[in-house]
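Participant: Just so it is clear, I am handing over run_10.pdb, which has PDB, C-alpha atoms.
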```pdb
ATOM      1  CA  MET A   1      -7.221 -10.320  38.727
ATOM      2  CA  PRO A   2      -9.078  -7.734  40.727
ATOM      3  CA  TYR A   3      -8.234  -4.448  42.276
ATOM      4  CA  GLU A   4      -9.052  -3.546  45.864
ATOM      5  CA  ILE A   5      -9.875  -0.262  47.550
ATOM      6  CA  LEU A   6      -8.171  -0.023  50.926
ATOM      7  CA  GLU A   7      -9.595   1.979  53.801
ATOM      8  CA  HIS A   8      -7.508   4.922  54.986
ATOM      9  CA  GLU A   9      -8.293   7.776  57.383
ATOM     10  CA  ALA A  10      -8.971  10.695  55.021
ATOM     11  CA  ASP A  11      -7.775   9.227  51.748
ATOM     12  CA  ALA A  12      -8.032   5.848  50.027
ATOM     13  CA  GLY A  13      -5.643   3.089  49.133
ATOM     14  CA  VAL A  14      -5.610   1.213  45.863
ATOM     15  CA  ARG A  15      -4.166  -2.251  45.392
ATOM     16  CA  GLY A  16      -3.741  -3.942  42.059
ATOM     17  CA  ILE A  17      -3.370  -7.713  42.040
ATOM     18  CA  GLY A  18      -2.193  -9.611  38.978
ATOM     19  CA  GLU A  19      -0.531 -12.675  37.550
ATOM     20  CA  THR A  20       2.205 -10.294  36.335
ATOM     21  CA  LEU A  21       3.625  -7.009  37.525
ATOM     22  CA  GLU A  22       2.006  -5.335  34.519
ATOM     23  CA  GLU A  23      -1.435  -6.688  35.453
ATOM     24  CA  ALA A  24      -1.000  -5.393  39.005
ATOM     25  CA  PHE A  25      -0.153  -1.891  37.707
ATOM     26  CA  CYS A  26      -3.185  -1.943  35.390
ATOM     27  CA  GLU A  27      -5.563  -3.186  38.086
ATOM     28  CA  ALA A  28      -4.368  -0.485  40.486
ATOM     29  CA  ALA A  29      -5.092   2.104  37.782
ATOM     30  CA  ARG A  30      -8.585   0.631  37.384
ATOM     31  CA  GLY A  31      -9.039   0.854  41.132
ATOM     32  CA  MET A  32      -7.960   4.498  41.162
ATOM     33  CA  PHE A  33     -10.358   5.423  38.354
ATOM     34  CA  SER A  34     -13.171   3.453  40.026
ATOM     35  CA  LEU A  35     -12.961   5.944  42.890
ATOM     36  CA  MET A  36     -13.560   8.797  40.438
ATOM     37  CA  VAL A  37     -16.181   7.335  38.083
ATOM     38  CA  ASP A  38     -18.215   4.249  37.284
ATOM     39  CA  ILE A  39     -15.495   2.680  35.134
ATOM     40  CA  ASP A  40     -17.898   0.061  33.784
ATOM     41  CA  ALA A  41     -19.657   2.962  32.022
ATOM     42  CA  VAL A  42     -16.423   4.303  30.480
ATOM     43  CA  ARG A  43     -16.052   3.186  26.883
ATOM     44  CA  PRO A  44     -12.475   2.538  25.703
ATOM     45  CA  GLU A  45     -12.924   4.723  22.611
ATOM     46  CA  ARG A  46      -9.533   6.411  22.418
ATOM     47  CA  ALA A  47      -6.033   5.294  23.399
ATOM     48  CA  VAL A  48      -3.560   7.695  24.997
ATOM     49  CA  PRO A  49       0.132   6.739  25.293
ATOM     50  CA  VAL A  50       1.661   6.586  28.774
ATOM     51  CA  GLU A  51       5.375   6.342  29.564
ATOM     52  CA  VAL A  52       7.257   6.837  32.818
ATOM     53  CA  GLU A  53      10.740   6.007  34.089
ATOM     54  CA  ALA A  54      12.099   5.599  37.610
ATOM     55  CA  GLU A  55      14.965   4.168  39.620
ATOM     56  CA  THR A  56      12.762   1.787  41.661
ATOM     57  CA  LEU A  57       9.545  -0.124  41.053
ATOM     58  CA  GLU A  58       7.835   1.788  43.871
ATOM     59  CA  VAL A  59       8.641   5.163  42.305
ATOM     60  CA  LEU A  60       7.657   3.777  38.883
ATOM     61  CA  PHE A  61       4.263   2.718  40.232
ATOM     62  CA  VAL A  62       3.491   6.082  41.856
ATOM     63  CA  SER A  63       4.715   7.831  38.677
ATOM     64  CA  TRP A  64       2.454   5.585  36.537
ATOM     65  CA  LEU A  65      -0.635   6.537  38.544
ATOM     66  CA  GLY A  66       0.440  10.202  38.619
ATOM     67  CA  GLU A  67       0.877  10.289  34.862
ATOM     68  CA  LEU A  68      -2.594   8.798  34.383
ATOM     69  CA  LEU A  69      -4.055  11.538  36.608
ATOM     70  CA  ALA A  70      -2.187  14.184  34.597
ATOM     71  CA  LEU A  71      -3.504  12.729  31.329
ATOM     72  CA  LYS A  72      -7.041  12.729  32.745
ATOM     73  CA  ASP A  73      -6.757  16.454  33.349
ATOM     74  CA  LEU A  74      -4.851  17.316  30.157
ATOM     75  CA  GLU A  75      -7.075  15.266  27.853
ATOM     76  CA  GLY A  76     -10.366  15.801  29.735
ATOM     77  CA  MET A  77     -10.815  12.029  29.723
ATOM     78  CA  VAL A  78     -11.501   9.191  32.099
ATOM     79  CA  PHE A  79     -10.006   5.755  31.519
ATOM     80  CA  SER A  80     -11.231   2.204  32.001
ATOM     81  CA  ARG A  81      -8.695   0.002  30.231
ATOM     82  CA  PHE A  82      -4.936  -0.039  30.650
ATOM     83  CA  GLU A  83      -1.983  -1.806  29.113
ATOM     84  CA  VAL A  84       1.636  -1.494  30.168
ATOM     85  CA  ARG A  85       4.972  -3.140  29.549
ATOM     86  CA  ILE A  86       7.555  -2.842  32.306
ATOM     87  CA  GLU A  87      11.237  -3.450  31.691
ATOM     88  CA  ARG A  88      14.630  -2.580  33.067
ATOM     89  CA  ARG A  89      16.823  -0.474  30.754
ATOM     90  CA  ASP A  90      20.320   0.627  31.726
ATOM     91  CA  GLY A  91      19.534   0.476  35.436
ATOM     92  CA  THR A  92      16.226   2.340  35.088
ATOM     93  CA  TRP A  93      12.706   0.913  35.223
ATOM     94  CA  VAL A  94      10.503   1.929  32.277
ATOM     95  CA  ALA A  95       6.726   1.549  32.048
ATOM     96  CA  LYS A  96       5.348   2.112  28.565
ATOM     97  CA  GLY A  97       1.737   1.553  27.648
ATOM     98  CA  LYS A  98      -1.664   2.973  26.828
ATOM     99  CA  ALA A  99      -4.813   4.026  28.619
ATOM    100  CA  TRP A 100      -8.163   3.773  26.839
ATOM    101  CA  GLY A 101     -11.144   5.916  27.667
ATOM    102  CA  GLU A 102     -13.381   8.749  26.589
ATOM    103  CA  PRO A 103     -14.257  12.335  27.534
ATOM    104  CA  LEU A 104     -15.919  12.630  30.921
ATOM    105  CA  ASP A 105     -19.721  12.504  30.705
ATOM    106  CA  PRO A 106     -20.966  13.315  34.233
ATOM    107  CA  GLU A 107     -24.437  11.952  33.541
ATOM    108  CA  ARG A 108     -23.227   8.559  32.352
ATOM    109  CA  HIS A 109     -19.983   8.181  34.325
ATOM    110  CA  LYS A 110     -21.453   9.169  37.716
ATOM    111  CA  PRO A 111     -18.460  11.050  39.181
ATOM    112  CA  GLY A 112     -17.356  10.023  42.655
ATOM    113  CA  VAL A 113     -14.434  11.493  44.565
ATOM    114  CA  GLU A 114     -11.617  13.455  42.948
ATOM    115  CA  VAL A 115      -8.214  11.801  43.232
ATOM    116  CA  LYS A 116      -5.606  14.569  43.455
ATOM    117  CA  ALA A 117      -2.430  12.494  43.544
ATOM    118  CA  ALA A 118      -0.854   9.116  44.089
ATOM    119  CA  THR A 119       1.384   9.159  47.160
ATOM    120  CA  TYR A 120       4.305   7.150  48.488
ATOM    121  CA  TYR A 121       2.394   6.417  51.677
ATOM    122  CA  GLY A 122       1.927   2.670  51.980
ATOM    123  CA  VAL A 123       3.555   2.049  48.603
ATOM    124  CA  ARG A 124       4.337  -1.586  47.978
ATOM    125  CA  VAL A 125       5.267  -3.328  44.748
ATOM    126  CA  GLY A 126       6.272  -6.961  44.568
ATOM    127  CA  LYS A 127       5.260 -10.573  44.618
ATOM    128  CA  ALA A 128       3.050 -11.910  47.403
ATOM    129  CA  ASN A 129       2.509 -15.663  47.297
ATOM    130  CA  SER A 130       1.713 -16.432  43.659
ATOM    131  CA  HIS A 131       0.519 -12.952  42.634
ATOM    132  CA  TYR A 132       1.992  -9.521  42.127
ATOM    133  CA  ILE A 133       0.785  -6.590  44.218
ATOM    134  CA  ALA A 134       1.056  -2.860  43.465
ATOM    135  CA  GLN A 135      -0.480  -0.560  46.068
ATOM    136  CA  CYS A 136      -0.358   2.949  47.524
ATOM    137  CA  VAL A 137      -2.550   5.579  49.115
ATOM    138  CA  VAL A 138      -4.114   8.199  46.839
ATOM    139  CA  ASP A 139      -4.829  11.726  48.022
ATOM    140  CA  LEU A 140      -8.511  12.654  47.759
TER     141      LEU A 140
END
```
Would you write out, as structure tokens, the structure that this file holds?
Facilitator:
Amino acid sequence: MPYEILEHEADAGVRGIGETLEEAFCEAARGMFSLMVDIDAVRPERAVPVEVEAETLEVLFVSWLGELLALKDLEGMVFSRFEVRIERRDGTWVAKGKAWGEPLDPERHKPGVEVKAATYYGVRVGKANSHYIAQCVVDL
């Protein structure tokens, strides 16, 4: 399933659409990274583990995107492929997965805008018709 970039005044929205909640989270991450680089040029050479916990799916989603942004900065990498497993444990939502990518190569990855943070503005996580949606506005 695809991701969508949503128009917003000064920032941008990302929406992941998937057959499962996990696919929606991964597609939203792809959408976020597509704002920053040409993700089709990013080779999935190295996997980095990602794990976040939250009380609600909305907070889990924003935390997931925030953790990916933190890993981008900490590892000096950009990502193009994502995998996540979402489950409920003792009343808490847990997202555990991996992001694949490589070190940023400005010449090949063609940097776009810098995403500073995922926000709670416009956050929505759930099922719409037959697909799952995960969306929020990201701060540019």
Participant: Report as a PyMOL selection string all protein, DNA and RNA residues lying within 10 Å of range 64-72 of chain A, evaluated on only C-alpha atoms, omitting residues in the same chain fewer than 5 positions from it.
Facilitator: chain A and resi 25-26+28-30+32-33+48-54+58-59+77-79+82+84+94-99+101-104+115-119+136+138
Participant: The PyMOL selection byres ((chain A and resi 42) around 7) - which residues does that actually catch in the file I just gave you? List them as a ChimeraX atom specification.
Facilitator: /A:39-41,43-44,79-80,101-102,109
Participant: State, in Å with one decimal place, the distance from CA of Val62 in chain A to CA of Val137 in chain A.
Facilitator: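 Pair CA of Val62 in chain A / CA of Val137 in chain A returns 9.5 Å.
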Participant: Using all atoms listed in the file for the distances, tell me which of A:Lys127, A:Leu21, A:Val113, A:Gly31 is nearest to Ile5 in chain A.
Facilitator: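 Closest to Ile5 in chain A of all the choices is A:Gly31.
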Participant: Using all atoms listed in the file, find the one residue out of A:Ile133, A:Ala128, A:Leu35, A:Val123 that sits nearest to Thr56 in chain A.
Facilitator: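 The answer is A:Val123, which sits nearest to Thr56 in chain A.
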Participant: Could you tell me how far CA of Gly112 in chain A sits from CA of Leu57 in chain A, in Å to one decimal place?
Facilitator: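 Computed distance, CA of Leu57 in chain A to CA of Gly112 in chain A, equals 28.8 Å.
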Participant: Quote the spacing between CA of Leu140 in chain A and CA of Ala47 in chain A in Å to one decimal place.
Facilitator: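 Distance between the two atoms: 25.6 Å.
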Participant: Going by the chain IDs and residue numbers used in this file, which residues fall under the PyMOL selection byres ((chain A and resi 124) around 6)? Write them as a ChimeraX atom specification.
Facilitator: /A:123,125,134-135
Participant: Which residue gives the smallest distance to Glu45 in chain A among A:Tyr132, A:Tyr121, A:Thr92, A:Trp100, with all atoms listed in the file counted?
Facilitator: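 That would be A:Trp100, the residue with the smallest distance to Glu45 in chain A.
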Participant: Identify which of the residues A:Glu83, A:Glu75, A:Ala12, A:Glu55 lies closest to Glu27 in chain A, counting all atoms listed in the file when measuring atom-to-atom distances.
Facilitator: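 Ranking A:Glu83, A:Glu75, A:Ala12, A:Glu55 by distance to Glu27 in chain A, first place goes to A:Glu83.
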Participant: Which neighbours of Glu19 in chain A fall inside 9 Å, counting only C-alpha atoms, when residues of the same chain fewer than 2 positions from it are skipped, and could you give them as a ChimeraX atom specification?
Facilitator: /A:1,17,21-24,130-132
Participant: Out of A:Arg89, A:Val37, A:Val14, A:Glu4, which residue has the shortest atom-to-atom distance to Glu114 in chain A when counting only C-alpha atoms?
Facilitator: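 Using only C-alpha atoms, the shortest distance to Glu114 in chain A belongs to A:Val37.
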